[in-house]
file start_39.txt (compact mmCIF, C-alpha atoms and all ligand atoms)
# COMPACT_ATOMS: atom_id res chain seq x y z
CA MET A 99 -18.77 -6.12 27.59
CA ASP A 100 -15.73 -4.14 28.62
CA LYS A 101 -14.76 -1.39 26.16
CA SER A 102 -11.27 -2.85 25.66
CA LEU A 103 -12.82 -6.12 24.46
CA LYS A 104 -15.18 -4.56 21.91
CA PRO A 105 -14.26 -5.47 18.31
CA GLU A 106 -14.80 -1.94 16.92
CA LYS A 107 -12.01 -0.65 19.16
CA LYS A 108 -9.50 -2.47 16.97
CA ARG A 109 -10.14 -0.41 13.84
CA LEU A 110 -7.98 2.59 14.66
CA PHE A 111 -4.92 0.45 15.28
CA ILE A 112 -5.59 -1.58 12.14
CA TYR A 113 -5.88 1.58 9.99
CA LEU A 114 -2.69 3.01 11.47
CA LEU A 115 -0.92 -0.31 11.07
CA GLY A 116 -1.78 -0.31 7.37
CA ILE A 117 -0.53 3.27 6.94
CA SER A 118 2.65 2.58 8.98
CA SER A 119 3.50 -0.49 6.95
CA ALA A 120 2.94 1.35 3.67
CA VAL A 121 5.17 4.24 4.83
CA THR A 122 7.87 1.81 6.06
CA LEU A 123 7.81 -0.05 2.73
CA LEU A 124 8.13 3.23 0.80
CA LEU A 125 11.08 4.30 2.98
CA LEU A 126 12.64 0.89 2.52
CA PHE A 127 12.30 1.17 -1.25
CA PHE A 128 13.82 4.68 -1.17
CA VAL A 129 16.80 3.51 0.93
CA TRP A 130 17.31 0.53 -1.40
CA TYR A 131 17.06 2.72 -4.52
CA VAL A 132 19.58 5.36 -3.38
CA SER A 133 22.02 2.86 -1.82
CA LEU A 134 22.10 0.10 -4.41
CA LYS A 135 24.25 1.87 -6.99
CA GLY A 136 26.96 2.71 -4.43
CA ILE A 137 26.99 -0.78 -2.91
CA SER A 138 27.02 -2.50 -6.33
CA SER A 139 29.95 -0.35 -7.49
CA VAL A 140 32.02 -1.76 -4.60
CA SER A 141 30.87 -5.36 -5.07
CA GLY A 142 28.21 -6.89 -7.31
CA ILE A 143 27.55 -9.69 -4.80
CA ALA A 144 27.15 -7.18 -1.96
CA GLY A 145 24.51 -5.40 -4.07
CA ILE A 146 22.62 -8.65 -4.63
CA ILE A 147 22.78 -9.58 -0.90
CA PHE A 148 21.63 -6.08 0.06
CA SER A 149 18.70 -6.32 -2.38
CA LEU A 150 17.73 -9.76 -1.05
CA ILE A 151 17.78 -8.55 2.57
CA VAL A 152 15.66 -5.50 1.74
CA ALA A 153 13.22 -7.60 -0.34
CA GLY A 154 12.97 -10.23 2.43
CA PHE A 155 12.27 -7.63 5.10
CA GLY A 156 9.75 -5.85 2.87
CA LEU A 157 7.92 -9.08 2.05
CA PHE A 158 7.88 -10.12 5.71
CA LEU A 159 6.44 -6.75 6.77
CA ALA A 160 3.83 -6.72 3.99
CA PHE A 161 2.80 -10.33 4.66
CA SER A 162 2.59 -9.85 8.46
CA THR A 163 0.52 -6.70 8.11
CA PHE A 164 -1.77 -8.42 5.61
CA ILE A 165 -2.32 -11.40 7.94
CA ILE A 166 -3.03 -9.19 10.98
CA VAL A 167 -5.41 -6.90 9.07
CA ILE A 168 -7.29 -9.81 7.48
CA THR A 169 -7.55 -11.62 10.82
CA MET A 170 -8.86 -8.55 12.63
CA ILE A 171 -11.34 -7.62 9.89
CA SER A 172 -12.68 -11.14 9.32
CA GLY A 173 -12.49 -12.30 12.94
CA LYS A 174 -11.33 -15.67 11.59
CA GLN A 175 -8.54 -17.24 13.55
CA THR A 176 -5.55 -18.61 11.73
CA LYS A 177 -2.58 -20.45 13.20
CA ILE A 178 -0.17 -17.93 11.72
CA ALA A 179 -2.06 -14.96 13.21
CA ARG A 180 -1.64 -16.47 16.67
CA ARG A 181 2.11 -16.09 16.29
CA MET A 182 1.87 -12.41 15.41
CA ARG A 183 1.49 -11.03 18.95
CA GLY A 184 5.22 -10.57 19.48
CA LEU A 185 5.64 -8.82 16.16
CA VAL A 186 2.77 -6.43 16.93
CA THR A 187 3.89 -5.77 20.52
CA ARG A 188 7.60 -5.43 19.97
CA PHE A 189 8.02 -4.05 16.47
CA LEU A 190 4.84 -2.75 14.86
CA PHE A 191 3.41 -0.85 17.83
CA PRO A 192 6.35 1.60 18.15
CA VAL A 193 6.16 2.26 14.37
CA VAL A 194 2.40 2.86 14.62
CA MET A 195 2.96 5.29 17.53
CA ARG A 196 5.46 7.32 15.47
CA VAL A 197 3.08 7.55 12.53
CA ALA A 198 0.19 8.43 14.87
CA LYS A 199 2.26 11.23 16.39
CA ILE A 200 2.83 12.72 12.95
CA LEU A 201 -0.91 12.39 12.20
CA LYS A 202 -1.72 13.90 15.63
CA VAL A 203 -3.90 10.98 16.72
CA ASP A 204 -4.66 10.86 20.45
CA ARG A 205 -2.14 8.55 22.21
CA ASP A 206 -4.67 6.99 24.63
CA LYS A 207 -7.02 6.18 21.76
CA ILE A 208 -4.29 4.24 19.97
CA ILE A 209 -3.30 2.42 23.16
CA ARG A 210 -6.94 1.40 23.74
CA SER A 211 -7.11 0.12 20.18
CA PHE A 212 -3.77 -1.70 20.55
CA ILE A 213 -5.04 -3.34 23.76
CA ALA A 214 -8.15 -4.56 21.91
CA VAL A 215 -5.93 -6.05 19.17
CA ASN A 216 -3.61 -7.58 21.78
CA ASN A 217 -6.57 -9.09 23.67
CA GLU A 218 -7.88 -10.71 20.53
CA LEU A 219 -4.47 -12.13 19.61
CA VAL A 220 -4.02 -13.45 23.17
CA LEU A 221 -7.47 -15.08 23.18
CA GLU A 222 -6.72 -16.63 19.81
CA SER A 223 -3.37 -17.93 21.02
CA LEU A 224 -5.17 -19.73 23.86
CA ILE A 225 -7.55 -21.68 21.62
CA GLY A 226 -7.25 -25.36 22.39
CA LYS A 227 -4.87 -24.70 25.29
CA LYS A 228 -5.61 -25.17 28.96
CA VAL A 229 -5.01 -22.27 31.32
CA ASN A 230 -3.85 -23.66 34.68
CA ASN A 231 -2.81 -20.64 36.69
CA PRO A 232 -4.28 -17.27 35.72
CA LEU A 233 -3.35 -14.18 37.70
CA VAL A 234 -5.65 -11.17 38.03
CA LEU A 235 -3.50 -8.12 38.68
CA LEU A 236 -5.16 -4.95 39.96
CA PRO A 237 -3.96 -1.37 40.47
CA HIS A 238 -3.95 -0.14 44.09
CA CYS A 239 -6.29 2.74 43.15
CA ILE A 240 -9.13 0.26 42.75
CA GLN A 241 -9.26 -0.01 46.53
CA LEU A 242 -11.22 2.71 48.32
CA GLU A 243 -8.71 5.37 49.35
CA ASP A 244 -10.17 5.58 52.90
CA CYS A 245 -10.16 1.82 53.51
CA GLU A 246 -8.01 0.98 56.54
CA LEU A 247 -7.01 -2.42 55.23
CA LYS A 248 -3.80 -2.90 53.31
CA ILE A 249 -4.58 -5.12 50.39
CA THR A 250 -1.73 -6.29 48.22
CA LYS A 251 -0.87 -9.90 47.47
CA ASP A 252 -3.82 -11.44 49.29
CA ILE A 253 -7.09 -9.86 48.21
CA LEU A 254 -9.02 -12.06 50.67
CA VAL A 255 -7.92 -9.68 53.43
CA CYS A 256 -10.87 -7.55 52.21
CA LYS A 257 -13.78 -7.41 54.69
CA LYS A 258 -16.23 -7.03 51.77
CA CYS A 259 -17.99 -3.89 52.98
CA GLY A 260 -18.90 -3.21 49.34
CA LYS A 261 -17.58 0.35 49.15
CA CYS A 262 -15.23 -0.54 46.31
CA ASP A 263 -14.87 -3.18 43.60
CA ILE A 264 -12.36 -5.18 45.65
CA LYS A 265 -15.37 -6.94 47.20
CA GLY A 266 -16.57 -8.36 43.86
CA LEU A 267 -13.02 -9.28 42.89
CA ALA A 268 -12.46 -11.03 46.24
CA ASN A 269 -15.65 -13.02 45.59
CA ILE A 270 -14.26 -14.05 42.18
CA ALA A 271 -10.94 -15.03 43.80
CA GLU A 272 -12.80 -17.21 46.32
CA LYS A 273 -15.24 -18.73 43.84
CA TYR A 274 -12.60 -19.78 41.29
CA LYS A 275 -9.68 -20.17 43.74
CA LEU A 276 -7.63 -17.65 41.79
CA ASN A 277 -4.60 -15.51 42.43
CA VAL A 278 -6.00 -11.98 42.52
CA SER A 279 -3.43 -9.43 43.67
CA VAL A 280 -3.10 -5.69 44.01
CA ALA A 281 0.15 -4.15 42.77
CA THR A 282 1.17 -0.78 44.18
CA SER A 283 3.93 -0.32 41.61
CA GLY A 284 5.50 -1.88 38.55
CA THR A 285 8.22 -3.43 40.74
CA ILE A 286 5.61 -5.06 43.01
CA ALA A 287 3.70 -6.27 39.92
CA ARG A 288 6.86 -7.91 38.58
CA ARG A 289 7.49 -9.51 42.00
CA ILE A 290 3.92 -10.90 42.16
CA VAL A 291 4.33 -12.34 38.65
CA LYS A 292 7.66 -13.91 39.63
CA GLU A 293 6.18 -15.48 42.77
CA THR A 294 2.87 -16.71 41.37
CA LYS A 295 4.27 -17.88 37.98
CA PRO A 296 0.99 -17.42 36.06
CA ASP A 297 0.43 -18.78 32.57
CA ILE A 298 -1.75 -15.75 31.76
CA ILE A 299 -2.36 -12.38 33.37
CA ILE A 300 -5.64 -10.49 33.35
CA ALA A 301 -4.45 -6.98 34.13
CA VAL A 302 -6.66 -4.08 35.14
CA ALA A 303 -5.11 -0.62 34.80
CA CYS A 304 -5.10 2.66 32.90
CA GLU A 305 -3.89 2.87 29.29
CA ARG A 306 -0.28 3.72 30.13
CA ASP A 307 0.18 0.96 32.75
CA LEU A 308 -1.53 -1.67 30.62
CA LEU A 309 0.71 -0.84 27.69
CA SER A 310 3.91 -1.12 29.73
CA GLY A 311 2.59 -4.30 31.41
CA ILE A 312 1.83 -5.95 28.07
CA GLN A 313 5.22 -4.95 26.64
CA ASP A 314 7.30 -5.76 29.76
CA THR A 315 5.86 -9.20 30.38
CA TYR A 316 5.96 -10.43 26.76
CA PRO A 317 5.97 -13.38 25.90
CA LEU A 318 3.69 -14.00 28.91
CA PRO A 319 0.16 -13.34 27.60
CA VAL A 320 -1.65 -10.39 29.15
CA ILE A 321 -5.31 -9.54 28.63
CA GLY A 322 -5.76 -5.85 29.38
CA ILE A 323 -8.91 -4.46 30.98
CA LEU A 324 -9.17 -0.69 31.26
CA ASN A 325 -10.24 0.68 34.61
CA GLU A 326 -12.95 3.32 34.92
CA ARG A 327 -11.95 6.62 36.51
CA PRO A 328 -15.06 8.47 37.69
CA TYR A 329 -13.00 10.49 40.25
CA GLY A 330 -10.01 11.12 37.99
CA ASP A 331 -6.73 9.25 37.60
CA CYS A 332 -5.46 6.96 40.37
CA LEU A 333 -8.34 7.55 42.83
CA ASN A 334 -11.12 5.11 43.70
CA THR A 335 -11.11 3.62 40.22
CA LYS A 336 -13.54 0.92 39.15
CA VAL A 337 -13.72 -2.15 36.96
CA ASN A 338 -16.53 -4.19 35.52
CA THR A 339 -16.28 -7.35 37.65
CA ASN A 340 -18.68 -9.19 35.29
CA THR A 341 -16.13 -8.77 32.49
CA ILE A 342 -13.43 -10.32 34.68
CA GLU A 343 -15.69 -13.21 35.71
CA LYS A 344 -16.76 -13.91 32.12
CA LEU A 345 -13.13 -13.92 31.00
CA ILE A 346 -12.20 -16.33 33.79
CA GLU A 347 -15.06 -18.62 32.78
CA LYS A 348 -14.00 -18.43 29.11
CA ILE A 349 -10.29 -19.10 29.46
CA TYR A 350 -10.01 -20.97 32.76
CA ILE A 351 -13.21 -22.82 33.52
CA GLY A 352 -14.79 -23.51 30.13
CA GLY A 353 -11.61 -23.49 28.04
CA ASN A 354 -11.18 -20.99 25.21
CA ASN A 355 -12.63 -22.78 22.24
CA GLY A 356 -13.04 -19.73 20.10
S1 LIG B 1 -14.69 -3.64 49.81
FE1 LIG B 1 -12.86 -4.34 50.93
S2 LIG B 1 -11.19 -3.10 50.16
FE2 LIG B 1 -13.09 -2.09 49.54
S3 LIG B 1 -13.43 -0.59 51.15
FE3 LIG B 1 -14.56 -2.45 51.72
S4 LIG B 1 -13.14 -3.62 53.01
FE4 LIG B 1 -11.93 -2.04 51.96
call {"tool": "encode", "arguments": {"input": "start_39.txt", "output": "structure tokens", "more": "lines below"}}
Ligand code: SF4
result
Amino acid sequence: MDKSLKPEKKRLFIYLLGISSAVTLLLLFFVWYVSLKGISSVSGIAGIIFSLIVAGFGLFLAFSTFIIVITMISGKQTKIARRMRGLVTRFLFPVVMRVAKILKVDRDKIIRSFIAVNNELVLESLIGKKVNNPLVLLPHCIQLEDCELKITKDILVCKKCGKCDIKGLANIAEKYKLNVSVATSGTIARRIVKETKPDIIIAVACERDLLSGIQDTYPLPVIGILNERPYGDCLNTKVNTNTIEKLIEKIYIGGNNG
């Protein structure tokens, strides 16, 4: 199984999420405590409204964190947890990153953990739904640097010499009649998404590009698969094609039934 799909990868993000929420709640309480007297002296009703807003936000944050943590620890899927992806991607992740920076936790480690959490939430959100048009989006560095072919939108241009993983991915594209495209930049990736109109993206990339892809394309679901970089960043990178094929079979062919 691909590293980004392994359950244990989620733990770091879950721990940091718990710490971040606790810190945010403490800050919230502090702000409420020091501001309430001043606001109430101007207007009693304003003080009550302020307290209600702070309490509502605090309860929402505590409840959301509790649901996400319980879901990730137990592995049990709940309807409410399926709706949490936006909250995690848009709001909680930046808070977690700030706390992680203070704690000096490696950025790539947190992103890998976040991707594992995101993947699980995406897979859960697909339960009982039919995927009609998945898109597999690849980074250009997965193609052999010396290959004379220019592979972008149509991966079937590949002559399947077997010197890079494009061959296996082209076989998957043929076998399942899928859109499998290579994006040379974020702009090209966005254009491919616009043209192919997928209902889910399986994206292969490094930590940084997967993170921006997941955040930029929200609410479109993205399952992130980390590439392998035996020759360093952005050069002749690799991917486990079995992982991609199994995912396709799970969400597209067999239906994601949990
Ligand atoms: S497998 Fe395809 S893309 Fe890769 S080097 Fe061979 S012809 Fe080029």
call {"tool": "residues_near_ligand", "arguments": {"input": "start_39.txt", "ligand": "ligand LIG 1 (chain B)", "cutoff": "9 Å", "atoms": "only C-alpha atoms and all ligand atoms", "output": "list of chain:residue names"}}
result
A:Ile240, A:Gln241, A:Leu242, A:Glu243, A:Asp244, A:Cys245, A:Glu246, A:Leu247, A:Lys248, A:Ile249, A:Ile253, A:Leu254, A:Val255, A:Cys256, A:Lys257, A:Lys258, A:Cys259, A:Gly260, A:Lys261, A:Cys262, A:Asp263, A:Ile264, A:Lys265, A:Gly266, A:Ala268
call {"tool": "residues_around", "arguments": {"input": "start_39.txt", "residues": "Ile213 (chain A)", "least_positions_apart": "4", "cutoff": "10 Å", "atoms": "all atoms listed in the file", "output": "PyMOL selection string"}}
result
chain A and resi 102-103+107-108+111+187+207-209+217-219+305+308-309+312+320-324
call {"tool": "residues_around", "arguments": {"input": "start_39.txt", "residues": "Gly136 (chain A)", "least_positions_apart": "6", "cutoff": "12 Å", "atoms": "only C-alpha atoms", "output": "list of chain:residue names"}}
result
A:Val129, A:Trp130, A:Gly142, A:Ala144, A:Gly145, A:Phe148
call {"tool": "closest_residue", "arguments": {"input": "start_39.txt", "among": "A:Pro319, A:Pro296, A:Gly184, A:Pro237", "to": "Lys336 (chain A)", "atoms": "all atoms listed in the file"}}
result
A:Pro237
call {"tool": "residues_around", "arguments": {"input": "start_39.txt", "residues": "Ile298 (chain A)", "least_positions_apart": "5", "cutoff": "9 Å", "atoms": "only C-alpha atoms", "output": "ChimeraX atom specification"}}
result
/A:229-234,318-321
call {"tool": "residues_around", "arguments": {"input": "start_39.txt", "residues": "region 115-127 of chain A", "least_positions_apart": "6", "cutoff": "9 Å", "atoms": "all atoms listed in the file", "output": "MDAnalysis selection string"}}
result
chainID A and resid 152:153 155:156 159:160 163:164 167 190:191 193:198
call {"tool": "atom_distance", "arguments": {"input": "start_39.txt", "atom1": "CA of Arg188 (chain A)", "atom2": "CA of Ile286 (chain A)"}}
result
23.1 Å
call {"tool": "atom_distance", "arguments": {"input": "start_39.txt", "atom1": "CA of Leu157 (chain A)", "atom2": "CA of Leu185 (chain A)"}}
result
14.3 Å
call {"tool": "atom_distance", "arguments": {"input": "start_39.txt", "atom1": "CA of Asp331 (chain A)", "atom2": "CA of Phe189 (chain A)"}}
result
29.0 Å
